[in-house]
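Here the structure comes first, spelled out in structure tokens, and everything after it is commentary.
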Amino acid sequence: MKKKVLAVLLTAAMAVSLTACGTNGGSNSANGGGSSDSQTGEAAGDASEGAEDSSAEGAEDNQGDGGADDGSGEFNPDKAADAMTIEEIREKNGAEVPVEADKKLGVVMKSLSNEFWRTLQEGYEAAAKDTGLTIDIQATTDESDETGQQTMTEALTTQGVDALLMSPISDSNLTSAVESANDADVLTVNVNDGLIAEANHYVGPNAYMNGQLAAEWISDKLGDEGQVAIVVGMAKAFAARERTAGFKEWIADNNSKMEVVAEQNADWDRQKAKELANTWITQYPDLKAIFCNNDDMALGVVEAVEESGSDILVVGVDGIGEAYESIRAGKLDATVDSFPFYMAQVAVECCCCPFILTSNKSD
């Protein structure tokens, strides 16, 4: 018996108002709504926080056969073979998807101290309002509480939710909890971060492309040469590894003259990122740019750059409101937007789609 996995990868600006599930369409982003022609917001004027254009891609892959396309033998949604856009999924389901409002969804996230996760929460709440579904949203108190996430996931399964939408801290901390949920016939969806090999589906940005877009943007600004550094998230996090790999491999694939002179984890923490930047600014006087795996760390790096008086480009990932405010103020240079508000709505929509529910059944 082979379990099919559907990965929906939201790689670029996307239209993901809840038209398929809701009766009133979607809400604007909590960050301000609007439209964008690019996934990268920058100081030069593209500071829109919503999205109308769609370049989302996804994939249906057979996890029972390994699922990866990179030869690693592990499922990797960024490299899944059979790409599907959210629009293609909607085509399979028609203009409207009927919603059984008596269904209950459980959500497990990381710490709400990070604006990204607060915005994702707001997206879930908007989806619940639009659909009438009950959505129980839980989050850890900090970004490293792996045990806390596991406990939350197990408790939601015991309470009898119909689906779990989970953003794990690491690739493994929810393994046993998801296996138990699958055994209980709970639909399991990995949202945005981590990589839950046992989950039925994945919904989130193409993290590898996040890194590629950042490298390309920095290359354009620097004239394709100069010293750059990378502030990595947590080593255990799939998104951190993929964003870093996408950045470095874009440089290699494009024969860029940019040189990565430093790369270190800051565990998604703003203060740690600032301290790293302070060290690098002294250690590498010719440093031209710093790429950060998320906006929170990028904002910490911006503080260090400002205090030093250096002329160093800083680019983050996520598209949180504070990042856009910093861009408008001429501080942060760019962010690669992952549109968390809309991502949450897409994740809920996927829990309602007959096509996805059918793909969840065993052969």
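Naming scheme: A, B, ... for chains in displayed order of the structure tokens; residues 1 onward per chain; ligands 1 onward as shown.
Within the 10 Å cut-off around Glu249 in chain A, using only C-alpha atoms and omitting residues fewer than 6 positions from it on the same chain, the listed residues are Tyr208, Gly211, Gln212, Ala215, Arg243, Asn255 and Ser256 of chain A.
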query: Could you name the residues that touch Asp224 in chain A at 6 Å or less, counting only C-alpha atoms, but leaving out those on the same chain fewer than 2 positions away, as a count of residues only?
result: 5
message: Please report the interatomic distance between CA of Trp217 in chain A and CA of Gly300 in chain A in Å with one decimal.
response: 20.2 Å
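Closest approach to Ala304 in chain A among A:Gln283, A:Glu322, A:Ala273, A:Asn192: A:Ala273, based on only C-alpha atoms.
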Members of range 85-275 of chain A assigned alpha helix (DSSP H) by DSSP, as a PyMOL selection string: chain A and resi 86-93+115-131+146-158+175-183+207-222+238-253+270-275
